[in-house]
Structure formats: structure tokens, C-alpha cells
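Below is work-v8.pdb, holding PDB, C-alpha atoms.
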```pdb
ATOM      1  CA  MET A 179     -20.923  13.267  79.645
ATOM      2  CA  LEU A 180     -23.414  14.132  76.927
ATOM      3  CA  PRO A 181     -26.107  11.640  76.096
ATOM      4  CA  PRO A 182     -25.816   9.925  72.703
ATOM      5  CA  ARG A 183     -27.438  11.774  69.816
ATOM      6  CA  ILE A 184     -30.750  10.316  68.853
ATOM      7  CA  GLU A 185     -31.924  10.746  65.251
ATOM      8  CA  SER A 186     -35.489  10.387  64.243
ATOM      9  CA  THR A 187     -36.533   7.815  61.680
ATOM     10  CA  ARG A 188     -37.432  10.639  59.292
ATOM     11  CA  VAL A 189     -33.883  12.091  59.399
ATOM     12  CA  ARG A 190     -32.304   8.699  58.794
ATOM     13  CA  ARG A 191     -34.647   8.101  55.857
ATOM     14  CA  ARG A 192     -33.717  11.432  54.247
ATOM     15  CA  ARG A 193     -29.999  10.687  54.617
ATOM     16  CA  SER A 194     -30.503   7.224  53.137
ATOM     17  CA  ARG A 195     -32.245   8.732  50.119
ATOM     18  CA  LYS A 196     -29.294  11.090  49.588
ATOM     19  CA  ILE A 197     -26.859   8.169  49.578
ATOM     20  CA  TRP A 198     -28.913   6.202  47.057
ATOM     21  CA  PHE A 199     -29.117   9.304  44.886
ATOM     22  CA  LEU A 200     -25.312   9.562  44.807
ATOM     23  CA  ILE A 201     -24.776   5.991  43.579
ATOM     24  CA  PRO A 202     -26.255   6.480  40.060
ATOM     25  CA  LEU A 203     -24.614   9.909  39.897
ATOM     26  CA  ILE A 204     -21.206   8.366  40.583
ATOM     27  CA  GLY A 205     -21.953   5.672  38.010
ATOM     28  CA  LEU A 206     -22.892   8.298  35.429
ATOM     29  CA  ILE A 207     -19.704  10.250  36.085
ATOM     30  CA  GLY A 208     -17.670   7.057  35.764
ATOM     31  CA  PHE A 209     -19.321   6.172  32.452
ATOM     32  CA  LEU A 210     -18.777   9.660  31.035
ATOM     33  CA  ALA A 211     -15.139   9.583  32.118
ATOM     34  CA  TYR A 212     -14.672   6.182  30.469
ATOM     35  CA  ARG A 213     -16.529   7.164  27.305
ATOM     36  CA  TYR A 214     -15.307  10.715  26.809
ATOM     37  CA  GLY A 215     -12.332  11.074  29.112
ATOM     38  CA  GLU A 216      -9.718  10.424  26.449
ATOM     39  CA  GLY A 217     -11.509  12.708  24.026
ATOM     40  CA  ALA A 218     -11.701  15.501  26.579
ATOM     41  CA  TYR A 219      -8.029  15.055  27.381
ATOM     42  CA  LEU A 220      -7.071  15.149  23.708
ATOM     43  CA  ALA A 221      -9.289  18.159  23.092
ATOM     44  CA  ILE A 222      -7.632  20.048  25.942
ATOM     45  CA  ARG A 223      -4.189  19.070  24.741
ATOM     46  CA  GLN A 224      -5.088  20.100  21.203
ATOM     47  CA  ARG A 225      -6.289  23.466  22.539
ATOM     48  CA  PHE A 226      -3.088  24.271  24.364
ATOM     49  CA  LEU A 227      -0.507  22.193  22.431
ATOM     50  CA  PRO A 228      -1.688  22.278  18.793
ATOM     51  CA  GLU A 229       1.661  21.200  17.353
ATOM     52  CA  ASN A 230       2.083  18.128  19.523
ATOM     53  CA  LEU A 231       1.438  15.280  17.082
ATOM     54  CA  GLN A 232       3.634  12.689  18.757
ATOM     55  CA  LEU A 233       0.660  10.475  19.531
ATOM     56  CA  LEU A 234      -0.290  10.279  15.846
ATOM     57  CA  GLU A 235       3.304   9.619  14.846
ATOM     58  CA  SER A 236       3.652   6.832  17.395
ATOM     59  CA  ARG A 237       0.503   5.151  16.106
ATOM     60  CA  SER A 238       1.790   5.444  12.553
ATOM     61  CA  SER A 239       5.083   3.854  13.620
ATOM     62  CA  HIS A 240       3.222   0.971  15.250
ATOM     63  CA  VAL A 241       1.474   0.074  11.984
ATOM     64  CA  GLU A 242       4.702   0.429  10.028
ATOM     65  CA  GLU A 243       6.297  -2.133  12.335
ATOM     66  CA  GLN A 244       3.614  -4.590  11.245
ATOM     67  CA  LEU A 245       4.365  -3.810   7.601
ATOM     68  CA  ILE A 246       8.096  -4.324   8.140
ATOM     69  CA  ALA A 247       7.387  -7.718   9.704
ATOM     70  CA  HIS A 248       5.549  -8.719   6.503
ATOM     71  CA  SER A 249       8.110  -7.298   4.054
ATOM     72  CA  ILE A 250       9.315  -9.590   1.267
ATOM     73  CA  ARG A 251      13.005  -9.656   0.402
ATOM     74  CA  SER A 252      13.839 -11.108  -3.001
ATOM     75  CA  ASP A 253      17.057 -12.830  -4.051
ATOM     76  CA  ASP A 254      18.472  -9.592  -5.434
ATOM     77  CA  GLY A 255      17.844  -7.631  -2.243
ATOM     78  CA  ALA A 256      14.822  -5.710  -3.507
ATOM     79  CA  LEU A 257      11.683  -5.466  -1.375
ATOM     80  CA  PRO A 258       8.874  -5.949  -3.900
ATOM     81  CA  GLY A 259       5.953  -6.172  -1.479
ATOM     82  CA  TYR A 260       4.489  -7.887   1.559
ATOM     83  CA  THR A 261       3.434 -11.343   2.612
ATOM     84  CA  LEU A 262      -0.308 -11.807   3.062
ATOM     85  CA  PHE A 263      -1.922 -10.653   6.294
ATOM     86  CA  SER A 264      -4.158 -13.173   8.011
ATOM     87  CA  GLU A 265      -7.795 -12.273   8.535
ATOM     88  CA  GLU A 266      -7.181 -11.872  12.263
ATOM     89  CA  GLU A 267      -4.176  -9.602  11.697
ATOM     90  CA  ARG A 268      -6.138  -7.545   9.216
ATOM     91  CA  GLU A 269      -9.056  -7.074  11.599
ATOM     92  CA  GLN A 270      -6.766  -6.010  14.432
ATOM     93  CA  ILE A 271      -4.884  -3.465  12.333
ATOM     94  CA  VAL A 272      -8.078  -2.102  10.760
ATOM     95  CA  ALA A 273      -9.534  -1.584  14.252
ATOM     96  CA  TYR A 274      -6.314   0.133  15.326
ATOM     97  CA  LEU A 275      -6.438   2.427  12.291
ATOM     98  CA  LYS A 276     -10.087   3.232  12.959
ATOM     99  CA  ASP A 277      -9.176   4.257  16.493
ATOM    100  CA  SER A 278      -6.257   6.290  15.124
ATOM    101  CA  ARG A 279      -8.627   8.219  12.867
ATOM    102  CA  ARG A 280     -10.859   8.898  15.865
ATOM    103  CA  ILE A 281      -7.898  10.358  17.728
ATOM    104  CA  LEU A 282      -6.962  12.328  14.629
ATOM    105  CA  SER A 283     -10.388  13.969  14.624
ATOM    106  CA  PHE A 284      -9.596  15.677  17.954
ATOM    107  CA  TYR A 285      -6.751  17.550  16.295
ATOM    108  CA  GLU A 286      -8.900  18.989  13.520
ATOM    109  CA  GLY A 287      -9.090  22.751  13.401
ATOM    110  CA  SER A 288      -5.415  23.340  14.100
ATOM    111  CA  THR A 289      -4.150  25.695  11.405
ATOM    112  CA  GLU A 290      -0.541  25.277  12.505
ATOM    113  CA  THR A 291      -0.490  21.559  11.744
ATOM    114  CA  GLY A 292      -2.968  21.298   8.877
ATOM    115  CA  ALA A 293      -0.528  19.663   6.451
ATOM    116  CA  ALA A 294       0.683  17.225   9.108
ATOM    117  CA  LEU A 295      -2.885  16.236   9.965
ATOM    118  CA  GLN A 296      -3.681  15.568   6.320
ATOM    119  CA  ALA A 297      -0.457  13.565   6.058
ATOM    120  CA  SER A 298      -1.437  11.399   9.035
ATOM    121  CA  ALA A 299      -4.889  10.857   7.559
ATOM    122  CA  ALA A 300      -3.336   9.842   4.223
ATOM    123  CA  LEU A 301      -0.945   7.442   5.940
ATOM    124  CA  PHE A 302      -3.697   5.780   7.990
ATOM    125  CA  GLN A 303      -5.842   5.366   4.878
ATOM    126  CA  PHE A 304      -2.973   4.010   2.790
ATOM    127  CA  TYR A 305      -1.902   1.544   5.478
ATOM    128  CA  GLU A 306      -5.364   0.029   5.257
ATOM    129  CA  LEU A 307      -5.055  -0.322   1.483
ATOM    130  CA  LEU A 308      -1.883  -2.351   1.928
ATOM    131  CA  LEU A 309      -3.777  -4.881   4.051
ATOM    132  CA  TYR A 310      -6.021  -5.796   1.122
ATOM    133  CA  VAL A 311      -3.819  -5.563  -1.971
ATOM    134  CA  GLN A 312      -1.345  -8.306  -2.888
ATOM    135  CA  LEU A 313       2.035  -6.721  -3.570
ATOM    136  CA  ASN A 314       4.653  -9.366  -4.328
ATOM    137  CA  GLU A 315       7.031 -10.567  -7.037
ATOM    138  CA  ARG A 316       4.203 -12.054  -9.088
ATOM    139  CA  SER A 317       2.174  -8.845  -9.068
ATOM    140  CA  VAL A 318       5.288  -6.820  -9.953
ATOM    141  CA  LEU A 319       5.756  -8.906 -13.097
ATOM    142  CA  ASP A 320       2.050  -8.879 -13.940
ATOM    143  CA  LEU A 321       1.948  -5.085 -13.836
ATOM    144  CA  ALA A 322       5.269  -4.594 -15.620
ATOM    145  CA  GLY A 323       4.692  -7.107 -18.398
ATOM    146  CA  ARG A 324       0.945  -7.454 -18.809
ATOM    147  CA  GLY A 325      -0.504  -4.312 -17.261
ATOM    148  CA  PHE A 326      -2.482  -6.280 -14.666
ATOM    149  CA  LEU A 327      -3.168  -4.602 -11.328
ATOM    150  CA  PRO A 328      -2.529  -6.550  -8.094
ATOM    151  CA  SER A 329      -5.238  -8.868  -6.784
ATOM    152  CA  LEU A 330      -7.363  -7.944  -3.767
ATOM    153  CA  THR A 331      -8.080  -9.990  -0.649
ATOM    154  CA  GLY A 332     -10.833  -9.476   1.909
ATOM    155  CA  ILE A 333     -12.551  -6.506   0.244
ATOM    156  CA  ASN A 334     -14.710  -5.824  -2.803
ATOM    157  CA  ALA A 335     -13.312  -3.789  -5.671
ATOM    158  CA  GLU A 336     -15.602  -0.760  -5.323
ATOM    159  CA  THR A 337     -14.945  -0.311  -1.612
ATOM    160  CA  PHE A 338     -11.229  -0.628  -2.261
ATOM    161  CA  ARG A 339     -11.331   2.000  -5.020
ATOM    162  CA  GLU A 340     -13.109   4.433  -2.705
ATOM    163  CA  LYS A 341     -10.428   3.951  -0.081
ATOM    164  CA  ALA A 342      -7.750   4.459  -2.745
ATOM    165  CA  ARG A 343      -9.481   7.658  -3.860
ATOM    166  CA  SER A 344      -9.544   8.960  -0.287
ATOM    167  CA  SER A 345      -5.854   8.150   0.144
ATOM    168  CA  LEU A 346      -5.060   9.912  -3.135
ATOM    169  CA  LEU A 347      -6.939  13.095  -2.222
ATOM    170  CA  LEU A 348      -5.551  13.286   1.316
ATOM    171  CA  SER A 349      -1.941  12.900   0.190
ATOM    172  CA  ARG A 350      -2.418  15.403  -2.616
ATOM    173  CA  LYS A 351      -3.999  17.930  -0.244
ATOM    174  CA  SER A 352      -1.208  17.577   2.305
ATOM    175  CA  LEU A 353       1.472  18.103  -0.352
ATOM    176  CA  ALA A 354      -0.374  21.145  -1.685
ATOM    177  CA  MET A 355      -0.376  22.656   1.809
ATOM    178  CA  ASP A 356       3.307  21.943   2.481
ATOM    179  CA  PRO A 357       5.398  20.439  -0.362
ATOM    180  CA  GLY A 358       8.549  20.441   1.773
ATOM    181  CA  GLN A 359       7.233  18.647   4.836
ATOM    182  CA  ARG A 360       9.181  15.864   6.539
ATOM    183  CA  ARG A 361       7.224  12.990   4.981
ATOM    184  CA  ALA A 362       6.835  14.548   1.544
ATOM    185  CA  ASP A 363       8.452  11.584  -0.220
ATOM    186  CA  ASP A 364       6.154   9.128   1.554
ATOM    187  CA  LEU A 365       3.192  11.230   0.463
ATOM    188  CA  ARG A 366       4.367  11.347  -3.161
ATOM    189  CA  LEU A 367       4.604   7.572  -3.094
ATOM    190  CA  ILE A 368       1.130   7.291  -1.573
ATOM    191  CA  GLU A 369      -0.239   9.674  -4.189
ATOM    192  CA  ALA A 370       1.298   7.724  -7.083
ATOM    193  CA  VAL A 371       0.258   4.262  -5.893
ATOM    194  CA  SER A 372      -3.220   5.402  -4.823
ATOM    195  CA  ASP A 373      -3.655   7.022  -8.235
ATOM    196  CA  LEU A 374      -2.667   3.754  -9.912
ATOM    197  CA  LEU A 375      -5.050   1.685  -7.787
ATOM    198  CA  TYR A 376      -7.953   4.122  -8.079
ATOM    199  CA  ASN A 377      -7.771   5.077 -11.759
ATOM    200  CA  GLU A 378      -6.556   1.590 -12.750
ATOM    201  CA  ARG A 379      -4.215   2.822 -15.456
ATOM    202  CA  THR A 380      -0.544   3.694 -15.813
ATOM    203  CA  ASP A 381      -0.626   7.343 -16.848
ATOM    204  CA  PRO A 382       2.701   8.999 -17.800
ATOM    205  CA  HIS A 383       2.555  11.359 -14.817
ATOM    206  CA  LEU A 384       2.902   8.357 -12.486
ATOM    207  CA  PHE A 385       6.402   7.751 -13.835
ATOM    208  CA  ASP A 386       7.293  11.411 -13.317
ATOM    209  CA  GLN A 387       5.959  11.251  -9.771
ATOM    210  CA  LEU A 388       8.126   8.232  -8.952
ATOM    211  CA  ILE A 389      11.227   9.898 -10.384
ATOM    212  CA  ARG A 390      10.729  12.828  -7.996
ATOM    213  CA  ILE A 391      10.796  10.542  -4.953
ATOM    214  CA  ASN A 392      13.979  10.293  -2.909
ATOM    215  CA  ARG A 393      13.902   6.605  -2.028
ATOM    216  CA  ASP A 394      16.393   7.098   0.817
ATOM    217  CA  LYS A 395      13.765   9.171   2.630
ATOM    218  CA  ILE A 396      10.990   6.602   2.331
ATOM    219  CA  ALA A 397       9.872   5.186   5.691
ATOM    220  CA  PRO A 398      11.054   1.572   6.218
ATOM    221  CA  GLY A 399       7.501   0.252   6.324
ATOM    222  CA  LEU A 400       6.758   1.772   2.908
ATOM    223  CA  LYS A 401       9.974   0.727   1.153
ATOM    224  CA  PRO A 402       8.358  -2.486  -0.178
ATOM    225  CA  THR A 403       5.584  -0.350  -1.667
ATOM    226  CA  TYR A 404       8.168   1.864  -3.341
ATOM    227  CA  ALA A 405      10.038  -1.182  -4.648
ATOM    228  CA  PHE A 406       6.832  -2.659  -6.057
ATOM    229  CA  ALA A 407       5.768   0.550  -7.806
ATOM    230  CA  SER A 408       9.188   1.556  -9.109
ATOM    231  CA  LEU A 409      10.203  -1.904 -10.341
ATOM    232  CA  ALA A 410       6.922  -2.394 -12.176
ATOM    233  CA  LEU A 411       6.500   1.105 -13.592
ATOM    234  CA  PHE A 412      10.125   1.751 -14.546
ATOM    235  CA  ALA A 413      10.191  -1.588 -16.380
ATOM    236  CA  ARG A 414       6.876  -0.812 -18.054
ATOM    237  CA  SER A 415       8.075   2.615 -19.175
ATOM    238  CA  GLY A 416      11.377   1.258 -20.504
ATOM    239  CA  ASN A 417      13.420   3.301 -18.023
ATOM    240  CA  ARG A 418      16.382   0.942 -17.705
ATOM    241  CA  GLU A 419      18.590   3.359 -15.795
ATOM    242  CA  ARG A 420      16.089   3.823 -12.991
ATOM    243  CA  LEU A 421      15.318   0.124 -12.946
ATOM    244  CA  ASN A 422      18.980  -0.797 -12.561
ATOM    245  CA  GLU A 423      19.330   1.666  -9.685
ATOM    246  CA  ILE A 424      16.920  -0.496  -7.712
ATOM    247  CA  LEU A 425      18.033  -3.918  -8.922
ATOM    248  CA  ASP A 426      21.425  -5.355  -8.123
ATOM    249  CA  VAL A 427      23.461  -4.978 -11.322
ATOM    250  CA  ASP A 428      24.883  -8.487 -10.962
ATOM    251  CA  SER A 429      21.582 -10.094 -10.023
ATOM    252  CA  LYS A 430      20.608 -13.114 -12.105
ATOM    253  CA  SER A 431      17.327 -13.850 -10.339
ATOM    254  CA  GLY A 432      14.365 -14.710 -12.516
ATOM    255  CA  MET A 433      12.443 -11.612 -11.476
ATOM    256  CA  SER A 434      15.381  -9.324 -12.275
ATOM    257  CA  GLN A 435      15.922 -10.927 -15.661
ATOM    258  CA  MET A 436      12.255 -10.688 -16.540
ATOM    259  CA  LEU A 437      12.044  -7.041 -15.508
ATOM    260  CA  ARG A 438      15.059  -6.224 -17.674
ATOM    261  CA  ILE A 439      13.398  -7.979 -20.609
ATOM    262  CA  TYR A 440      10.262  -5.889 -20.106
ATOM    263  CA  ALA A 441      12.295  -2.673 -19.870
ATOM    264  CA  LEU A 442      14.219  -3.462 -23.059
ATOM    265  CA  PHE A 443      11.014  -4.410 -24.850
ATOM    266  CA  HIS A 444       9.192  -1.214 -23.871
ATOM    267  CA  ALA A 445      12.280   0.799 -24.818
ATOM    268  CA  ARG A 446      12.041  -0.923 -28.245
ATOM    269  CA  ASP A 447      15.475  -2.459 -27.888
ATOM    270  CA  TYR A 448      14.203  -5.703 -29.370
ATOM    271  CA  ILE A 449      17.578  -7.287 -30.095
ATOM    272  CA  GLN A 450      18.791  -7.202 -26.492
ATOM    273  CA  ALA A 451      15.330  -8.082 -25.214
ATOM    274  CA  MET A 452      15.276 -11.153 -27.451
ATOM    275  CA  GLN A 453      18.731 -12.235 -26.320
ATOM    276  CA  LEU A 454      17.803 -12.041 -22.637
ATOM    277  CA  ALA A 455      14.436 -13.701 -23.256
ATOM    278  CA  ARG A 456      16.033 -16.597 -25.125
ATOM    279  CA  THR A 457      18.572 -17.090 -22.316
ATOM    280  CA  LEU A 458      15.836 -17.231 -19.695
ATOM    281  CA  MET A 459      13.557 -19.392 -21.829
ATOM    282  CA  VAL A 460      16.133 -22.191 -22.157
ATOM    283  CA  ASP A 461      17.295 -21.988 -18.529
ATOM    284  CA  ALA A 462      16.198 -25.311 -17.035
ATOM    285  CA  GLN A 463      16.835 -23.995 -13.507
ATOM    286  CA  ALA A 464      14.390 -21.109 -13.879
ATOM    287  CA  GLU A 465      10.762 -21.329 -12.781
ATOM    288  CA  PRO A 466       8.434 -22.671 -15.507
ATOM    289  CA  ALA A 467       6.230 -19.569 -15.215
ATOM    290  CA  LEU A 468       9.216 -17.297 -15.910
ATOM    291  CA  ARG A 469      10.437 -19.439 -18.801
ATOM    292  CA  SER A 470       6.924 -19.332 -20.222
ATOM    293  CA  GLU A 471       6.776 -15.546 -19.910
ATOM    294  CA  ALA A 472      10.153 -15.224 -21.627
ATOM    295  CA  ALA A 473       8.804 -17.320 -24.507
ATOM    296  CA  ARG A 474       5.747 -15.074 -24.704
ATOM    297  CA  MET A 475       7.965 -12.010 -24.974
ATOM    298  CA  MET A 476       9.849 -13.711 -27.808
ATOM    299  CA  GLY A 477       6.510 -14.135 -29.524
ATOM    300  CA  GLU A 478       5.615 -10.481 -28.931
ATOM    301  CA  ILE A 479       8.843  -9.348 -30.570
ATOM    302  CA  PHE A 480       8.360 -11.597 -33.607
ATOM    303  CA  ARG A 481       4.754 -10.426 -33.921
ATOM    304  CA  ILE A 482       5.897  -6.793 -34.035
ATOM    305  CA  GLN A 483       8.630  -7.508 -36.550
ATOM    306  CA  SER A 484       6.968 -10.085 -38.800
ATOM    307  CA  GLY A 485       3.304 -10.420 -37.865
ATOM    308  CA  ALA A 486       1.191 -12.613 -35.582
ATOM    309  CA  ALA A 487       1.886 -15.803 -37.523
ATOM    310  CA  ALA A 488       5.603 -15.477 -36.758
ATOM    311  CA  GLY A 489       4.952 -15.056 -33.043
ATOM    312  CA  LEU A 490       2.406 -17.849 -32.559
ATOM    313  CA  PRO A 491       4.950 -20.717 -32.275
ATOM    314  CA  TYR A 492       6.446 -19.006 -29.237
ATOM    315  CA  LEU A 493       3.029 -18.674 -27.628
ATOM    316  CA  TYR A 494       2.487 -22.402 -28.129
ATOM    317  CA  GLN A 495       5.856 -23.052 -26.526
ATOM    318  CA  ALA A 496       5.003 -20.720 -23.662
ATOM    319  CA  ARG A 497       1.776 -22.629 -23.023
ATOM    320  CA  GLU A 498       3.652 -25.931 -22.990
ATOM    321  CA  LEU A 499       6.044 -24.590 -20.377
ATOM    322  CA  HIS A 500       3.292 -23.247 -18.124
ATOM    323  CA  ALA A 501      -0.492 -23.364 -18.508
ATOM    324  CA  ASP A 502      -1.986 -19.886 -18.336
ATOM    325  CA  PRO A 503      -5.493 -18.676 -19.344
ATOM    326  CA  PHE A 504      -3.924 -15.403 -20.488
ATOM    327  CA  LEU A 505      -1.914 -17.315 -23.095
ATOM    328  CA  ASP A 506      -5.043 -19.104 -24.307
ATOM    329  CA  GLU A 507      -6.774 -15.771 -24.897
ATOM    330  CA  LEU A 508      -3.702 -14.328 -26.594
ATOM    331  CA  ILE A 509      -3.406 -17.311 -28.923
ATOM    332  CA  GLN A 510      -7.050 -16.947 -29.946
ATOM    333  CA  GLN A 511      -6.557 -13.252 -30.663
ATOM    334  CA  TRP A 512      -3.457 -13.826 -32.767
ATOM    335  CA  GLN A 513      -5.066 -16.692 -34.642
ATOM    336  CA  ALA A 514      -7.987 -14.423 -35.517
ATOM    337  CA  GLY A 515      -5.585 -12.028 -37.190
ATOM    338  CA  PRO A 516      -5.093  -8.264 -36.829
TER     339      PRO A 516
END
```
Serialized structure, C-alpha cells:
Amino acid sequence: MLPPRIESTRVRRRRSRKIWFLIPLIGLIGFLAYRYGEGAYLAIRQRFLPENLQLLESRSSHVEEQLIAHSIRSDDGALPGYTLFSEEEREQIVAYLKDSRRILSFYEGSTETGAALQASAALFQFYELLLYVQLNERSVLDLAGRGFLPSLTGINAETFREKARSSLLLSRKSLAMDPGQRRADDLRLIEAVSDLLYNERTDPHLFDQLIRINRDKIAPGLKPTYAFASLALFARSGNRERLNEILDVDSKSGMSQMLRIYALFHARDYIQAMQLARTLMVDAQAEPALRSEAARMMGEIFRIQSGAAAGLPYLYQARELHADPFLDELIQQWQAGP
């Protein structure tokens, strides 16, 4: 039997130093794996599978599910926007979108999927816009009848416009690279709405852009955005045929009636516009704000036909039905003359 091995103190000390040296090395490797492991994995996958964009699509679908949960359905079946997101919801989705953009950056450089990458970037940017802008029945009517853009929540106007500009450019670039891609109609919608929110005006080409969109191919999460834009802009341009394609023909809801009045007015069909406006104005069951707006439109028609003095009584009546600072300003302008 061999005697037990005896190690000197010096040997044991050297081995101990080696063990202590390995501990920080293992910690460093663990940190690097935690910090850059996902990035390295994505970079490798991007190198060998450049067309695999399922991860980006799944993240896009996740955000769209949140949008669907906040979709507004009006009495006539239209989806004119979204309910407000809470501050907590907004922060969570913004963080998720930020992480999605980080993942997107690992796919950059792939020539095979350039248009798809730009499309994903446009979608992520546009989703964030929808968290801050108030799209609803009220903002539809404000844009269609008064030319007012939707209100913002949780962001300053300049920052929002920069985000809208980025969304506009990304969608436009993706469409230029591949006009026939799978989400082309979503991108045309994003381009049109981003253009509206960035340039803050309703240029004629926006109407043409909306007409080119196949609404049946719009993603479910973006259908309320399409409804908002098309209802407001088709009414504002006087395109009654397109407007009626979206609205239920038999709908008698206040929003539907008001949009039809706007469309008739902008199409210069003043007789029918006046008839509908008078019907809504005297409807005791309608909301006071809608009755007031119908009275204002009566005043607008009389002003065009016979001058401001002829339209002022209807503005006074509109103000009695519903107090509105906009009416006060309008009355002052009309009283001052042409």
C-alpha cells in the first residue's frame, strides 16, 4: 500500500490561487453571456438565416393584440379609434417597442429582407405614435368638420412630430423598395396618417393614398386607424361614395349623420346637407354637442349663400345647445365682417 501523497504548503497555495482566479473569470463569462448572449445568437442567426423574420413578426403581433384590446366600436359598426392607454400600459409597450428595435438592429445589413426590415421599423415606430394620439369619434368629427388634428397625451408636440416623420420616412422607404410586399396596405396607411400628423395638413395626395388602400388587407390592430383616417378624410373631401362604403347605409347614429353632413357640405350639395343638419339639430335624443355642430353647419351654409349676418343666428343657437370656445371665436369673426 502506497503512503498518502503529501503536498507542500507552496503547492497548495498555488492551486488555491488558480481557483480564486477562475471565480472572477466565470463571473465575467456569465455577465457577457447575459449581456450579449441574445445579440450574439441573433447575429449568428442573421448570418445564416437572413430571411427568418418570424421573431420581428411575432413582436409586431403582440403589440397589435394590445391595440385590438383598446379598439373602439361605434354604434354603426365602424372602428374609429382606440380607448386611451394608461400611463403604465404606455410605458410597458414603449419599453417593448424599444427592445424590438434593438432586436431589429441585429438584422440590419441583410439585402434579401431590406424592405421587410424597413416595414418592421415603420410598424414599431407607428405603434408608438398610436399610444400618444387620441383617435376616437370626437377626433374623427373634429378633423372632418373643423380640420382639427387629434389631441396628444403623454408627449410634447415636437417629439411627437419627429416620431411621425420617422414613421413616414420608414414606410415610404419600404414601399419604394418593394411596392408589392405582404404588408403594403398597412404601410400605405402608415404613410398617409404619419404624413397627416407630421405635416399637420390635409393635402390632396392623402385622399389618393387612402383610396389605393385595400381595407380588407389591413391588419386587425390597424383597422381602427384606417377607420379614423378614412371616415375623417373622405368626409372632409366630400367623397360620399367612399364614406358610405365604410359606414352602415342604414346607420342613424349621430356620428354617421354628422359625417354625412360634412361630406355633403364639402361636396357643395348644400340642400341635402341643410336637410340632414336640420333633422339632427332638432333631434332631442341626439347629443347636445352633435346638435350644436349641426346648427353650426346650418350657419355655415347660410353664410355661404347669403353672408355672415344670415348665418349668425344659427351660431347663437349652436352655442345655446352646447358651450364651445370654437363657437365663441367664430361668432366674433363673423360679427367683425368679411
Please write as a PyMOL selection string the full residue list that the PyMOL selection byres ((chain A and resi 433) around 12) yields on this file. chain A and resi 252-258+314-320+322-323+406+409-410+413+425-426+429-432+434-440+458+464-465+467-469+471-472
Can you tell me, as JSON, numbers by chain, which residues sit within 10 Å of (12.3, -13.1, -25.4) in the file's frame, using all atoms listed in the file? {"A": [436, 439, 440, 443, 448, 449, 450, 451, 452, 453, 454, 455, 456, 457, 458, 459, 469, 470, 471, 472, 473, 474, 475, 476, 477, 478, 479, 480, 492]}
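When you apply the PyMOL selection byres ((chain A and resi 512-515) around 12) to this structure, what comes back is Gly477, Glu478, Arg481, Ile482, Gly485, Ala486, Ala487, Ala488, Gly489, Leu490, Pro491, Tyr492, Leu493, Tyr494, Leu505, Asp506, Glu507, Leu508, Ile509, Gln510, Gln511 and Pro516 of chain A.
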Using only C-alpha atoms, which residues sit within 7 Å of Ile368 (chain A) once same-chain residues fewer than 6 positions away are excluded, as a ChimeraX atom specification? /A:304,346,349
Could you tell me, as a VMD selection string, exactly which residues end up selected when the PyMOL selection byres ((chain A and resi 399-404) around 9) is applied to this structure? chain A and resid 239 241 to 247 249 to 251 256 to 260 308 313 to 314 364 367 to 368 371 388 393 396 to 398 405 to 409
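Distance-wise, CA of Gly325 (chain A) and CA of Leu365 (chain A) end up 23.9 Å apart.
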Ranking A:Val460, A:Leu231, A:Leu282, A:Leu301 by minimum distance to Ala362 (chain A) and counting only C-alpha atoms, which one comes first? A:Leu301
Residues within 12 Å of (-9.1, -1.3, -3.0), counting only C-alpha atoms, listed as a PyMOL selection string: chain A and resi 303-312+327-346+371-378
With C-alpha atoms kept, could you save the residues just selected as an mmCIF file, keeping the file's coordinate frame?
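Now in out.cif:
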```
data_model
loop_
_atom_site.group_PDB
_atom_site.id
_atom_site.type_symbol
_atom_site.label_atom_id
_atom_site.label_comp_id
_atom_site.auth_asym_id
_atom_site.auth_seq_id
_atom_site.Cartn_x
_atom_site.Cartn_y
_atom_site.Cartn_z
ATOM 1 C CA GLN A 303 -5.842 5.366 4.878
ATOM 2 C CA PHE A 304 -2.973 4.010 2.790
ATOM 3 C CA TYR A 305 -1.902 1.544 5.478
ATOM 4 C CA GLU A 306 -5.364 0.029 5.257
ATOM 5 C CA LEU A 307 -5.055 -0.322 1.483
ATOM 6 C CA LEU A 308 -1.883 -2.351 1.928
ATOM 7 C CA LEU A 309 -3.777 -4.881 4.051
ATOM 8 C CA TYR A 310 -6.021 -5.796 1.122
ATOM 9 C CA VAL A 311 -3.819 -5.563 -1.971
ATOM 10 C CA GLN A 312 -1.345 -8.306 -2.888
ATOM 11 C CA LEU A 327 -3.168 -4.602 -11.328
ATOM 12 C CA PRO A 328 -2.529 -6.550 -8.094
ATOM 13 C CA SER A 329 -5.238 -8.868 -6.784
ATOM 14 C CA LEU A 330 -7.363 -7.944 -3.767
ATOM 15 C CA THR A 331 -8.080 -9.990 -0.649
ATOM 16 C CA GLY A 332 -10.833 -9.476 1.909
ATOM 17 C CA ILE A 333 -12.551 -6.506 0.244
ATOM 18 C CA ASN A 334 -14.710 -5.824 -2.803
ATOM 19 C CA ALA A 335 -13.312 -3.789 -5.671
ATOM 20 C CA GLU A 336 -15.602 -0.760 -5.323
ATOM 21 C CA THR A 337 -14.945 -0.311 -1.612
ATOM 22 C CA PHE A 338 -11.229 -0.628 -2.261
ATOM 23 C CA ARG A 339 -11.331 2.000 -5.020
ATOM 24 C CA GLU A 340 -13.109 4.433 -2.705
ATOM 25 C CA LYS A 341 -10.428 3.951 -0.081
ATOM 26 C CA ALA A 342 -7.750 4.459 -2.745
ATOM 27 C CA ARG A 343 -9.481 7.658 -3.860
ATOM 28 C CA SER A 344 -9.544 8.960 -0.287
ATOM 29 C CA SER A 345 -5.854 8.150 0.144
ATOM 30 C CA LEU A 346 -5.060 9.912 -3.135
ATOM 31 C CA VAL A 371 0.258 4.262 -5.893
ATOM 32 C CA SER A 372 -3.220 5.402 -4.823
ATOM 33 C CA ASP A 373 -3.655 7.022 -8.235
ATOM 34 C CA LEU A 374 -2.667 3.754 -9.912
ATOM 35 C CA LEU A 375 -5.050 1.685 -7.787
ATOM 36 C CA TYR A 376 -7.953 4.122 -8.079
ATOM 37 C CA ASN A 377 -7.771 5.077 -11.759
ATOM 38 C CA GLU A 378 -6.556 1.590 -12.750
#
```
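In this comparison, which uses all atoms listed in the file, the residue of A:Tyr285, A:Arg497, A:Phe504, A:Gln296 approaching Asp356 (chain A) most closely is A:Gln296.
CA of Ala299 (chain A) to CA of Leu348 (chain A) spans 6.7 Å [interatomic distance, one decimal].
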Could you check how far CA of Asp386 (chain A) sits from CA of Leu442 (chain A), in Å to one decimal? 19.1 Å
Box for region 411-420 of chain A - axis-aligned, 8 Å on each of the six sides, all listed atoms - centre and size in Å to one decimal, as AutoDock Vina command-line options.
```
--center_x 12.5 --center_y 1.1 --center_z -16.7 --size_x 28.1 --size_y 21.4 --size_z 23.5
```
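Across A:Gln270, A:Ala496, A:Arg237, A:Asp394, the tightest approach to Arg361 (chain A) is made by A:Asp394 when counting only C-alpha atoms.
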